[in-house]
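Visitor: The structure file coords_10.tsv (TSV, C-alpha atoms and all ligand atoms) is provided below.
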chain	number	residue	atom	x	y	z
A	268	MET	CA	69.09	62.19	150.59
A	269	ASP	CA	69.05	65.75	151.81
A	270	GLN	CA	68.98	67.79	148.61
A	271	GLU	CA	69.42	71.11	150.40
A	272	LYS	CA	72.44	69.85	152.34
A	273	ILE	CA	73.93	68.49	149.11
A	274	GLY	CA	73.33	71.86	147.44
A	275	LYS	CA	75.13	73.78	150.18
A	276	PHE	CA	77.98	71.27	150.07
A	277	ILE	CA	78.37	71.65	146.28
A	278	SER	CA	78.37	75.42	146.72
A	279	SER	CA	81.05	75.42	149.42
A	280	CYS	CA	83.24	72.93	147.52
A	281	ARG	CA	82.93	75.04	144.36
A	282	LYS	CA	83.98	78.17	146.24
A	283	GLU	CA	86.95	76.29	147.73
A	284	THR	CA	88.17	75.44	144.23
A	285	GLY	CA	87.80	79.13	143.25
A	286	LEU	CA	85.34	78.44	140.44
A	287	THR	CA	82.29	80.60	139.74
A	288	GLN	CA	78.96	78.92	138.94
A	289	ALA	CA	79.49	79.92	135.29
A	290	ALA	CA	83.03	78.54	135.17
A	291	LEU	CA	81.96	75.23	136.69
A	292	ALA	CA	79.01	75.03	134.30
A	293	GLU	CA	81.29	75.65	131.33
A	294	LYS	CA	83.68	72.88	132.37
A	295	LEU	CA	80.76	70.48	132.62
A	296	GLY	CA	79.16	71.68	129.38
A	297	ILE	CA	75.92	72.70	131.07
A	298	THR	CA	74.18	76.02	131.85
A	299	ASP	CA	75.01	78.01	134.99
A	300	ARG	CA	71.28	77.89	135.79
A	301	ALA	CA	71.64	74.13	136.31
A	302	VAL	CA	74.49	74.67	138.79
A	303	SER	CA	72.39	77.30	140.58
A	304	LYS	CA	69.52	74.81	140.86
A	305	TRP	CA	71.77	72.19	142.51
A	306	GLU	CA	73.19	74.70	144.96
A	307	THR	CA	69.77	75.89	146.06
A	308	GLY	CA	68.65	72.30	146.52
A	309	LYS	CA	66.08	72.42	143.73
A	310	SER	CA	67.66	69.55	141.80
A	311	LEU	CA	70.42	66.97	141.91
A	312	PRO	CA	73.21	66.62	139.35
A	313	ASP	CA	72.50	63.96	136.73
A	314	ALA	CA	74.26	60.67	137.26
A	315	SER	CA	75.94	61.15	133.87
A	316	ILE	CA	77.97	64.15	135.04
A	317	MET	CA	78.25	63.30	138.73
A	318	ILE	CA	81.71	61.72	138.50
A	319	GLU	CA	83.08	64.62	136.46
A	320	LEU	CA	81.55	67.11	138.89
A	321	CYS	CA	83.10	65.29	141.83
A	322	ASN	CA	86.50	65.25	140.14
A	323	LEU	CA	86.29	69.00	139.58
A	324	LEU	CA	85.26	69.60	143.20
A	325	GLY	CA	87.82	67.14	144.58
A	326	ILE	CA	85.27	65.03	146.44
A	327	THR	CA	83.94	61.47	146.18
A	328	VAL	CA	80.46	60.57	144.92
A	329	ASN	CA	79.80	59.19	148.41
A	330	GLU	CA	80.60	62.59	149.92
A	331	LEU	CA	78.48	64.38	147.34
A	332	LEU	CA	75.46	62.21	148.14
A	333	THR	CA	76.02	62.55	151.90
A	334	GLY	CA	76.46	66.31	151.56
A	335	GLU	CA	79.62	66.42	153.67
A	336	HIS	CA	83.27	65.49	153.79
A	337	ILE	CA	83.88	61.96	155.09
A	338	THR	CA	87.39	61.55	156.40
A	339	MET	CA	89.11	58.23	155.79
A	340	ASP	CA	89.87	58.00	159.54
A	341	ASP	CA	86.20	58.33	160.43
A	342	TYR	CA	85.23	55.72	157.90
A	343	LYS	CA	87.83	53.25	159.20
A	344	ASP	CA	86.99	53.89	162.85
A	345	LYS	CA	83.31	53.35	162.26
A	346	ALA	CA	83.85	50.19	160.23
A	347	GLU	CA	86.30	48.79	162.81
A	348	ALA	CA	84.04	49.55	165.75
A	349	ASN	CA	81.20	47.70	164.04
A	350	LEU	CA	83.40	44.71	163.22
A	351	LEU	CA	84.80	44.49	166.74
A	352	ASP	CA	81.32	44.69	168.20
A	353	MET	CA	80.15	41.84	165.99
A	354	ARG	CA	83.18	39.70	166.83
A	355	MET	CA	82.76	40.23	170.55
A	356	LYS	CA	79.15	39.09	170.30
A	357	VAL	CA	80.23	35.89	168.53
A	358	GLU	CA	82.99	35.21	171.07
A	359	GLN	CA	80.59	35.77	173.95
A	360	ARG	CA	78.13	33.32	172.40
A	361	ASP	CA	80.94	30.77	171.90
A	362	ARG	CA	82.07	31.10	175.51
A	363	THR	CA	78.50	30.45	176.69
A	364	LEU	CA	78.20	27.43	174.41
A	365	LEU	CA	81.49	25.93	175.59
A	366	PHE	CA	80.53	26.53	179.21
A	367	THR	CA	77.16	24.84	178.61
A	368	GLU	CA	79.02	21.89	177.15
A	369	LYS	CA	81.27	21.61	180.21
A	370	VAL	CA	78.28	21.72	182.58
A	371	MET	CA	76.49	19.16	180.44
A	372	ILE	CA	79.47	16.79	180.54
A	373	GLY	CA	79.86	17.35	184.28
A	374	VAL	CA	76.25	16.31	184.90
A	375	ILE	CA	75.85	13.60	182.27
A	376	ILE	CA	78.98	11.54	182.98
A	377	PRO	CA	78.22	10.90	186.71
A	378	VAL	CA	74.53	10.17	185.98
A	379	TYR	CA	75.49	7.88	183.10
A	380	THR	CA	78.10	6.06	185.19
A	381	ALA	CA	75.68	5.64	188.10
A	382	VAL	CA	72.96	4.15	185.87
A	383	VAL	CA	75.39	1.75	184.15
A	384	ILE	CA	76.85	0.59	187.49
A	385	SER	CA	73.41	0.03	189.02
A	386	GLY	CA	72.40	-1.83	185.83
A	387	ALA	CA	75.41	-4.09	186.24
A	388	TYR	CA	74.58	-4.75	189.93
A	389	ILE	CA	70.96	-5.54	189.09
A	390	CYS	CA	72.16	-8.01	186.42
A	391	LYS	CA	74.49	-9.63	188.96
A	392	SER	CA	71.72	-9.91	191.53
A	393	GLY	CA	69.63	-11.91	189.06
A	394	ASN	CA	67.24	-9.44	187.43
A	395	ILE	CA	69.01	-9.53	184.05
A	396	PRO	CA	66.21	-7.97	181.90
A	397	LEU	CA	65.94	-4.92	184.20
A	398	GLY	CA	69.74	-4.58	184.38
A	399	ILE	CA	70.12	-4.71	180.59
A	400	PHE	CA	67.22	-2.28	180.21
A	401	LEU	CA	68.95	0.25	182.51
A	402	ILE	CA	72.27	-0.03	180.66
A	403	ALA	CA	70.52	0.34	177.29
A	404	LEU	CA	68.60	3.35	178.66
A	405	ALA	CA	71.85	4.99	179.76
A	406	PHE	CA	73.34	4.53	176.27
A	407	THR	CA	70.23	5.93	174.58
A	408	MET	CA	70.05	8.88	176.94
A	409	VAL	CA	73.62	9.84	176.28
A	410	ILE	CA	73.29	9.94	172.46
A	411	PRO	CA	71.45	13.30	172.15
A	412	PHE	CA	73.97	14.89	174.53
A	413	VAL	CA	76.88	13.55	172.51
A	414	ILE	CA	75.31	15.02	169.35
A	415	ILE	CA	74.73	18.41	171.02
A	416	GLY	CA	78.27	18.33	172.41
A	417	LEU	CA	79.77	17.57	169.00
A	418	LYS	CA	77.71	20.37	167.45
A	419	ILE	CA	79.04	22.83	170.03
A	420	GLU	CA	82.60	21.60	169.48
A	421	HIS	CA	82.15	22.19	165.78
A	422	GLU	CA	80.45	25.58	165.87
A	423	ALA	CA	81.93	27.37	168.86
A	424	GLY	CA	85.42	28.79	168.56
A	425	TYR	CA	88.43	27.34	166.76
A	426	TYR	CA	91.17	24.77	167.15
A	427	GLU	CA	94.80	25.79	167.22
A	428	CYS	CA	97.58	23.80	165.56
A	429	PRO	CA	100.57	23.55	167.95
A	430	ASN	CA	102.93	23.23	165.00
A	431	CYS	CA	102.14	26.30	162.87
A	432	GLY	CA	99.74	28.18	165.18
A	433	GLU	CA	96.92	28.20	162.61
A	434	ARG	CA	93.46	28.63	164.13
A	435	TYR	CA	90.70	26.99	162.15
A	436	GLN	CA	87.22	25.49	162.27
A	437	PRO	CA	87.39	21.76	161.50
A	438	THR	CA	84.71	19.85	159.62
A	439	MET	CA	82.05	17.96	161.59
A	440	LYS	CA	83.52	14.72	160.23
A	441	ALA	CA	87.00	15.57	161.53
A	442	ILE	CA	85.55	16.26	164.99
A	443	ILE	CA	83.52	13.04	165.15
A	444	TRP	CA	86.51	10.83	164.31
A	445	ALA	CA	89.12	12.71	166.30
A	446	PRO	CA	90.23	11.24	169.63
A	447	HIS	CA	90.19	13.88	172.32
A	448	MET	CA	91.81	14.72	175.59
A	449	GLY	CA	89.86	17.32	177.55
A	450	THR	CA	89.08	20.01	175.01
A	451	SER	CA	92.00	19.13	172.72
A	452	ARG	CA	91.47	16.92	169.70
A	453	LYS	CA	93.92	14.94	167.63
A	454	MET	CA	93.45	16.26	164.11
A	455	THR	CA	95.34	17.07	160.95
A	456	CYS	CA	96.09	20.78	160.49
A	457	PRO	CA	94.51	22.08	157.26
A	458	HIS	CA	97.35	24.60	157.01
A	459	CYS	CA	100.58	22.65	157.57
A	460	GLY	CA	99.20	19.08	157.37
A	461	GLN	CA	100.79	18.01	160.67
A	462	LYS	CA	98.90	15.67	162.97
A	463	GLY	CA	98.68	16.59	166.62
A	464	TYR	CA	96.53	17.53	169.57
A	465	HIS	CA	94.83	20.80	168.67
A	466	LYS	CA	93.73	23.03	171.52
A	467	LYS	CA	90.25	24.60	171.64
A	468	VAL	CA	90.34	28.40	171.53
A	469	VAL	CA	87.50	30.93	171.50
A	470	SER	CA	89.04	33.65	169.39
A	471	LYS	CA	90.36	33.42	165.83
A	472	ASN	CA	93.07	35.94	166.75
A	473	LYS	CA	95.83	35.38	169.23
A	474	GLU	CA	95.63	37.67	172.22
B	501	ZN	ZN	99.52	23.58	161.42
As structure tokens, please, write out the structure in this file.
Ligand SMILES: [Zn+2]
Guide:
Amino acid sequence: MDQEKIGKFISSCRKETGLTQAALAEKLGITDRAVSKWETGKSLPDASIMIELCNLLGITVNELLTGEHITMDDYKDKAEANLLDMRMKVEQRDRTLLFTEKVMIGVIIPVYTAVVISGAYICKSGNIPLGIFLIALAFTMVIPFVIIGLKIEHEAGYYECPNCGERYQPTMKAIIWAPHMGTSRKMTCPHCGQKGYHKKVVSKNKE
């Protein structure tokens, strides 16, 4: 806290209200020496009279402590810019995750299919233990990817209900048991309770 800046601010606000140091001091029930000390930056107003002082000067405690006027517009703009920035970072991360999932599926499914088919051929050609081993290996290999995929589906983005338009994040359980078609999953909307294929969307808000 910049005591000198606060002092100058108190002084200018007091002058704007047309009060002398003595008049302000009288209203607060303190000595004009105390007011003089604030305005020269030698001391800060006690917490006990800060609200009353602010009311008399027509400022907020936040402004008093900052030592300047904060316009509501500025405050809102700053808060909104920060929020938007944070949301864009999350959406960017979600897009990357969903893209990773697509690449993963695109690589895993052909590899998985190839291993299972060769396993089946090897079985047919007589080497049953090796064939079964290959098929079992393919199943085992695919499990971690399914888990990672489900995690991404759960954490990245939202699902949109075609009935009411609600965008929501389903539970992990709902995702595991929901049949899916592409990136849509058949689930029950937590908002309207309708069952249907819910589309995957990155943003919580509709563009
Ligand atoms: Zn709905």
Visitor: Using only C-alpha atoms and all ligand atoms, I'd like a table of the residues in chain A that come within 10 Å of ligand ZN 501 (chain B); for each, show the closest atom pair and its distance in Å rounded to one decimal, ordered by chain and ascending number, as JSON lines.
Guide:
{"residue": "A:Glu427", "atom": "CA", "partner": "B:ZN501", "partner_atom": "ZN", "distance": 7.8}
{"residue": "A:Cys428", "atom": "CA", "partner": "B:ZN501", "partner_atom": "ZN", "distance": 4.6}
{"residue": "A:Pro429", "atom": "CA", "partner": "B:ZN501", "partner_atom": "ZN", "distance": 6.6}
{"residue": "A:Asn430", "atom": "CA", "partner": "B:ZN501", "partner_atom": "ZN", "distance": 5.0}
{"residue": "A:Cys431", "atom": "CA", "partner": "B:ZN501", "partner_atom": "ZN", "distance": 4.0}
{"residue": "A:Gly432", "atom": "CA", "partner": "B:ZN501", "partner_atom": "ZN", "distance": 5.9}
{"residue": "A:Glu433", "atom": "CA", "partner": "B:ZN501", "partner_atom": "ZN", "distance": 5.4}
{"residue": "A:Arg434", "atom": "CA", "partner": "B:ZN501", "partner_atom": "ZN", "distance": 8.3}
{"residue": "A:Tyr435", "atom": "CA", "partner": "B:ZN501", "partner_atom": "ZN", "distance": 9.5}
{"residue": "A:Met454", "atom": "CA", "partner": "B:ZN501", "partner_atom": "ZN", "distance": 9.9}
{"residue": "A:Thr455", "atom": "CA", "partner": "B:ZN501", "partner_atom": "ZN", "distance": 7.8}
{"residue": "A:Cys456", "atom": "CA", "partner": "B:ZN501", "partner_atom": "ZN", "distance": 4.5}
{"residue": "A:Pro457", "atom": "CA", "partner": "B:ZN501", "partner_atom": "ZN", "distance": 6.7}
{"residue": "A:His458", "atom": "CA", "partner": "B:ZN501", "partner_atom": "ZN", "distance": 5.0}
{"residue": "A:Cys459", "atom": "CA", "partner": "B:ZN501", "partner_atom": "ZN", "distance": 4.1}
{"residue": "A:Gly460", "atom": "CA", "partner": "B:ZN501", "partner_atom": "ZN", "distance": 6.1}
{"residue": "A:Gln461", "atom": "CA", "partner": "B:ZN501", "partner_atom": "ZN", "distance": 5.8}
{"residue": "A:Lys462", "atom": "CA", "partner": "B:ZN501", "partner_atom": "ZN", "distance": 8.1}
{"residue": "A:Gly463", "atom": "CA", "partner": "B:ZN501", "partner_atom": "ZN", "distance": 8.8}
{"residue": "A:His465", "atom": "CA", "partner": "B:ZN501", "partner_atom": "ZN", "distance": 9.1}
Visitor: Considering all atoms listed in the file, can you say which of A:Glu319, A:Ala405, A:Tyr379, A:Ile326 comes closest to Thr338 in chain A?
Guide: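 Looking at the shortest contact to Thr338 in chain A, the residue is A:Ile326.
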Visitor: For a cut-off of 12 Å around (74.1, 12.9, 174.9), file coordinates, pick out all residues using only C-alpha atoms and list them as a JSON list (two decimals) with C-alpha atoms, keeping the file's coordinate frame.
Guide:
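File written: out.json
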[["chain", "number", "residue", "atom", "x", "y", "z"],
["A", 368, "GLU", "CA", 79.02, 21.89, 177.15],
["A", 371, "MET", "CA", 76.49, 19.16, 180.44],
["A", 372, "ILE", "CA", 79.47, 16.79, 180.54],
["A", 373, "GLY", "CA", 79.86, 17.35, 184.28],
["A", 374, "VAL", "CA", 76.25, 16.31, 184.90],
["A", 375, "ILE", "CA", 75.85, 13.60, 182.27],
["A", 376, "ILE", "CA", 78.98, 11.54, 182.98],
["A", 378, "VAL", "CA", 74.53, 10.17, 185.98],
["A", 379, "TYR", "CA", 75.49, 7.88, 183.10],
["A", 404, "LEU", "CA", 68.60, 3.35, 178.66],
["A", 405, "ALA", "CA", 71.85, 4.99, 179.76],
["A", 406, "PHE", "CA", 73.34, 4.53, 176.27],
["A", 407, "THR", "CA", 70.23, 5.93, 174.58],
["A", 408, "MET", "CA", 70.05, 8.88, 176.94],
["A", 409, "VAL", "CA", 73.62, 9.84, 176.28],
["A", 410, "ILE", "CA", 73.29, 9.94, 172.46],
["A", 411, "PRO", "CA", 71.45, 13.30, 172.15],
["A", 412, "PHE", "CA", 73.97, 14.89, 174.53],
["A", 413, "VAL", "CA", 76.88, 13.55, 172.51],
["A", 414, "ILE", "CA", 75.31, 15.02, 169.35],
["A", 415, "ILE", "CA", 74.73, 18.41, 171.02],
["A", 416, "GLY", "CA", 78.27, 18.33, 172.41],
["A", 417, "LEU", "CA", 79.77, 17.57, 169.00],
["A", 418, "LYS", "CA", 77.71, 20.37, 167.45]]
Visitor: For Gly424 in chain A, which residue among A:Lys304, A:Lys471, A:Lys440, A:Arg452 is the nearest when counting all atoms listed in the file?
Guide: A:Lys471
Visitor: How many Å lie between CA of Leu332 in chain A and CA of Ile273 in chain A, rounded to one decimal?
Guide: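 Interatomic distance, CA of Leu332 in chain A to CA of Ile273 in chain A: 6.5 Å.
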Visitor: Please measure the separation of CA of Ser470 in chain A and CA of Val357 in chain A, giving the value in Å to one decimal.
Guide: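 Taking CA of Ser470 in chain A and CA of Val357 in chain A, their separation equals 9.1 Å.
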Visitor: For Ile297 in chain A, which residue out of A:His336, A:Pro312, A:Glu283, A:Asn394 is the nearest one, using all atoms listed in the file?
Guide: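 For Ile297 in chain A, the nearest of the given residues is A:Pro312.
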Visitor: Within 12 Å of Leu311 in chain A, counting only C-alpha atoms, which residues qualify if same-chain residues fewer than 2 places away don't, as a list in words?
Guide: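 The residues that qualify are Met268, Asp269, Gln270, Glu271, Lys272, Ile273, Gly274, Lys275, Phe276, Ile277, Ala301, Val302, Ser303, Lys304, Trp305, Glu306, Thr307, Gly308, Lys309, Asp313, Ala314, Ser315, Ile316, Met317, Leu320, Leu331, Leu332 and Gly334 of chain A.
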Visitor: Provide the CA of Phe400 in chain A to CA of Ile384 in chain A distance in Å, to one decimal place.
Guide: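 Rounded to one decimal, the two atoms are 12.4 Å apart.
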Visitor: Please determine, counting all atoms listed in the file, which residue among A:Ser392, A:Gln436, A:Thr333, A:Glu420 has the shortest atom-to-atom distance to Gly449 in chain A.
Guide: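 Under the stated criterion, the closest residue is A:Glu420.
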Visitor: If we count all atoms listed in the file, what is near Ile399 in chain A at a cut-off of 8 Å, once residues fewer than 4 positions away on the same chain are taken out, given as a list of chain:residue names?
Guide: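 So, after excluding close chain neighbours, the residues are A:Gly386, A:Ala387, A:Cys390, A:Ile395, A:Ala403.
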Visitor: Name the closest residue to Leu364 in chain A among the candidates A:Val468, A:Ala441, A:Ile419, A:Ala289; distances are taken between atoms, counting all atoms listed in the file.
Guide: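 Of all the options, A:Ile419 lies closest to Leu364 in chain A.
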